[in-house]
Amino acid sequence: MLSLYIYSLLISYAVSLLGSVFSTKGLPWYFSQIRRPSWTPSGKIIGMVWTVLFGLIGIAGGMLWSLHPANAGTIIALFVANGLLNIGWSYVFFYKHKLNAAVVVSVLLEVSVLTIVFSAFPLSVWAGILLLPYAAWVLFATYLSFRIARMNKNVSQR
């Protein structure tokens, strides 16, 4: 059973690592070529929040996977779709510099997070609770993406 938690954490942090590859490549552009709201958290804060969130996601996934093996296929499918959207946002925003498209991906990411949260609660209240900060952060990040897109609507997007 412990191995399921370890696998879940490893997969969660692999998603983080893949997303960070795109984010890192886009940081020079992010800091020098686009405007951001004054309330945008620092990169250090964003990194710390995501590190904690990916840990919570991994633990919640491990809980759901180990407590409900009959639902493992559905649980894994939901988390895979969510992970792809998470990586996709980093790719679209930081790598492709498509601000409006990133807002759309962020909305889809929030829908996937909420789908996981609402699917988790009947299976494990604790797993659902562990996922609530993720839902809240993605909602905040979606609004931040929207504000950045609005502030930079005249910036050329390649």
# chains A, B, ... in the order shown; residues from 1 in each chain; ligands from 1
>>> closest_atom_pairs(of="segment 50-69 of chain A", to="segment 122-140 of chain A", cutoff="6 Å", atoms="only C-alpha atoms", output="Markdown table")
| residue | atom | partner | partner_atom | distance |
| --- | --- | --- | --- | --- |
| A:Leu53 | CA | A:Tyr134 | CA | 5.9 |
| A:Leu56 | CA | A:Leu130 | CA | 5.8 |
| A:Ala60 | CA | A:Ala127 | CA | 4.5 |
>>> write_last_selection(atoms="N, CA and C atoms", output="compact mmCIF listing (two decimals), in the first residue's frame")
# COMPACT_ATOMS: atom_id res chain seq x y z
N LEU A 53 1.49 21.92 -3.27
CA LEU A 53 0.28 21.39 -3.93
C LEU A 53 0.53 20.06 -4.61
N LEU A 56 0.42 17.43 -2.03
CA LEU A 56 -0.96 17.13 -1.62
C LEU A 56 -1.70 16.33 -2.69
N ALA A 60 -3.22 12.68 -2.04
CA ALA A 60 -4.65 12.43 -2.29
C ALA A 60 -4.82 11.34 -3.34
>>> residues_around(residues="Ser112 of chain A", least_positions_apart="6", cutoff="9 Å", atoms="only C-alpha atoms", output="ChimeraX atom specification")
/A:78-79,81-82,85
>>> closest_residue(among="A:Leu2, A:Ile46, A:Leu144, A:Ala120", to="Leu64 of chain A", atoms="only C-alpha atoms")
A:Ala120
>>> closest_residue(among="A:Ser66, A:Thr40, A:Thr142, A:Thr74", to="Asn86 of chain A", atoms="only C-alpha atoms")
A:Thr142
>>> closest_residue(among="A:Val107, A:Leu10, A:Val155, A:Ile87", to="Gly61 of chain A", atoms="only C-alpha atoms")
A:Leu10
>>> closest_residue(among="A:Gly73, A:Met63, A:Gly83, A:Pro37", to="Tyr143 of chain A", atoms="only C-alpha atoms")
A:Pro37
>>> atom_distance(atom1="atom CA of Trp29 of chain A", atom2="atom CA of Val52 of chain A")
25.7 Å
>>> closest_residue(among="A:Lys44, A:Thr115, A:Phe54, A:Ala149", to="Leu17 of chain A", atoms="only C-alpha atoms")
A:Phe54
>>> select_by_dssp(residues="segment 6-59 of chain A", states="helix (DSSP H, G or I)", output="number ranges by chain")
A: 6-32, 43-59
>>> write_last_selection(atoms="N, CA and C atoms", output="tab-separated table (two decimals), in the first residue's frame")
chain	number	residue	atom	x	y	z
A	6	ILE	N	3.93	6.20	-2.87
A	6	ILE	CA	5.21	6.60	-3.45
A	6	ILE	C	5.07	6.80	-4.96
A	7	TYR	N	4.41	5.86	-5.64
A	7	TYR	CA	4.18	6.01	-7.08
A	7	TYR	C	3.38	7.27	-7.37
A	8	SER	N	2.35	7.50	-6.58
A	8	SER	CA	1.49	8.66	-6.79
A	8	SER	C	2.27	9.96	-6.61
A	9	LEU	N	3.11	10.00	-5.58
A	9	LEU	CA	3.94	11.19	-5.37
A	9	LEU	C	4.95	11.37	-6.50
A	10	LEU	N	5.57	10.28	-6.94
A	10	LEU	CA	6.53	10.37	-8.04
A	10	LEU	C	5.87	10.87	-9.32
A	11	ILE	N	4.69	10.35	-9.60
A	11	ILE	CA	3.96	10.80	-10.80
A	11	ILE	C	3.59	12.27	-10.67
A	12	SER	N	3.12	12.66	-9.51
A	12	SER	CA	2.73	14.05	-9.28
A	12	SER	C	3.91	15.00	-9.50
A	13	TYR	N	5.06	14.65	-8.91
A	13	TYR	CA	6.23	15.50	-9.09
A	13	TYR	C	6.82	15.42	-10.49
A	14	ALA	N	6.58	14.33	-11.21
A	14	ALA	CA	6.99	14.25	-12.62
A	14	ALA	C	6.19	15.26	-13.45
A	15	VAL	N	4.91	15.38	-13.15
A	15	VAL	CA	4.08	16.39	-13.82
A	15	VAL	C	4.65	17.78	-13.54
A	16	SER	N	5.00	18.02	-12.28
A	16	SER	CA	5.59	19.30	-11.90
A	16	SER	C	6.88	19.56	-12.69
A	17	LEU	N	7.72	18.56	-12.77
A	17	LEU	CA	8.99	18.71	-13.47
A	17	LEU	C	8.78	19.00	-14.96
A	18	LEU	N	7.87	18.28	-15.59
A	18	LEU	CA	7.60	18.51	-17.01
A	18	LEU	C	7.06	19.92	-17.25
A	19	GLY	N	6.15	20.36	-16.40
A	19	GLY	CA	5.64	21.72	-16.52
A	19	GLY	C	6.72	22.76	-16.32
A	20	SER	N	7.62	22.49	-15.38
A	20	SER	CA	8.67	23.47	-15.08
A	20	SER	C	9.67	23.61	-16.23
A	21	VAL	N	9.80	22.57	-17.06
A	21	VAL	CA	10.68	22.68	-18.23
A	21	VAL	C	10.19	23.81	-19.13
A	22	PHE	N	8.89	23.86	-19.38
A	22	PHE	CA	8.33	24.92	-20.23
A	22	PHE	C	8.35	26.27	-19.50
A	23	SER	N	8.03	26.24	-18.22
A	23	SER	CA	8.01	27.49	-17.45
A	23	SER	C	9.39	28.14	-17.43
A	24	THR	N	10.41	27.35	-17.18
A	24	THR	CA	11.77	27.87	-17.09
A	24	THR	C	12.21	28.52	-18.40
A	25	LYS	N	11.87	27.90	-19.50
A	25	LYS	CA	12.24	28.45	-20.81
A	25	LYS	C	11.57	29.80	-21.06
A	26	GLY	N	10.39	30.01	-20.47
A	26	GLY	CA	9.66	31.24	-20.72
A	26	GLY	C	9.87	32.34	-19.70
A	27	LEU	N	10.67	32.09	-18.67
A	27	LEU	CA	10.85	33.10	-17.63
A	27	LEU	C	11.46	34.40	-18.13
A	28	PRO	N	12.47	34.37	-18.99
A	28	PRO	CA	12.99	35.66	-19.48
A	28	PRO	C	11.89	36.51	-20.15
A	29	TRP	N	11.07	35.89	-20.97
A	29	TRP	CA	9.95	36.58	-21.61
A	29	TRP	C	8.98	37.09	-20.57
A	30	TYR	N	8.64	36.25	-19.60
A	30	TYR	CA	7.67	36.59	-18.56
A	30	TYR	C	8.11	37.83	-17.77
A	31	PHE	N	9.38	37.89	-17.44
A	31	PHE	CA	9.86	39.00	-16.62
A	31	PHE	C	10.21	40.25	-17.41
A	32	SER	N	10.43	40.12	-18.72
A	32	SER	CA	10.88	41.30	-19.47
A	32	SER	C	9.90	41.83	-20.51
A	43	GLY	N	8.01	34.71	-8.00
A	43	GLY	CA	8.32	33.36	-8.49
A	43	GLY	C	8.64	32.40	-7.37
A	44	LYS	N	9.28	32.91	-6.32
A	44	LYS	CA	9.63	32.07	-5.18
A	44	LYS	C	8.36	31.56	-4.48
A	45	ILE	N	7.39	32.44	-4.29
A	45	ILE	CA	6.12	32.05	-3.66
A	45	ILE	C	5.38	31.05	-4.54
A	46	ILE	N	5.31	31.34	-5.83
A	46	ILE	CA	4.62	30.44	-6.75
A	46	ILE	C	5.26	29.06	-6.72
A	47	GLY	N	6.58	29.01	-6.74
A	47	GLY	CA	7.28	27.72	-6.69
A	47	GLY	C	7.00	26.95	-5.42
A	48	MET	N	7.01	27.65	-4.29
A	48	MET	CA	6.74	26.98	-3.01
A	48	MET	C	5.31	26.45	-2.96
A	49	VAL	N	4.36	27.26	-3.43
A	49	VAL	CA	2.97	26.83	-3.42
A	49	VAL	C	2.80	25.58	-4.28
A	50	TRP	N	3.34	25.61	-5.49
A	50	TRP	CA	3.20	24.45	-6.37
A	50	TRP	C	3.87	23.21	-5.80
A	51	THR	N	5.01	23.38	-5.14
A	51	THR	CA	5.69	22.23	-4.53
A	51	THR	C	4.80	21.56	-3.49
A	52	VAL	N	4.18	22.37	-2.64
A	52	VAL	CA	3.27	21.84	-1.62
A	52	VAL	C	2.05	21.21	-2.29
A	53	LEU	N	1.49	21.92	-3.27
A	53	LEU	CA	0.28	21.39	-3.93
A	53	LEU	C	0.53	20.06	-4.61
A	54	PHE	N	1.66	19.91	-5.30
A	54	PHE	CA	1.94	18.64	-5.96
A	54	PHE	C	2.11	17.52	-4.94
A	55	GLY	N	2.63	17.84	-3.76
A	55	GLY	CA	2.69	16.84	-2.68
A	55	GLY	C	1.30	16.44	-2.23
A	56	LEU	N	0.42	17.43	-2.03
A	56	LEU	CA	-0.96	17.13	-1.62
A	56	LEU	C	-1.70	16.33	-2.69
A	57	ILE	N	-1.47	16.69	-3.95
A	57	ILE	CA	-2.10	15.96	-5.05
A	57	ILE	C	-1.63	14.51	-5.04
A	58	GLY	N	-0.33	14.31	-4.87
A	58	GLY	CA	0.22	12.95	-4.83
A	58	GLY	C	-0.34	12.14	-3.68
A	59	ILE	N	-0.43	12.74	-2.50
A	59	ILE	CA	-0.97	12.03	-1.33
A	59	ILE	C	-2.45	11.70	-1.56
>>> atom_distance(atom1="atom CA of Val117 of chain A", atom2="atom CA of Ser90 of chain A")
21.9 Å
>>> atom_distance(atom1="atom CA of Met151 of chain A", atom2="atom CA of Val104 of chain A")
16.2 Å
>>> closest_residue(among="A:Ile34, A:Leu67, A:Val80, A:Ile116", to="His97 of chain A", atoms="only C-alpha atoms")
A:Ile34
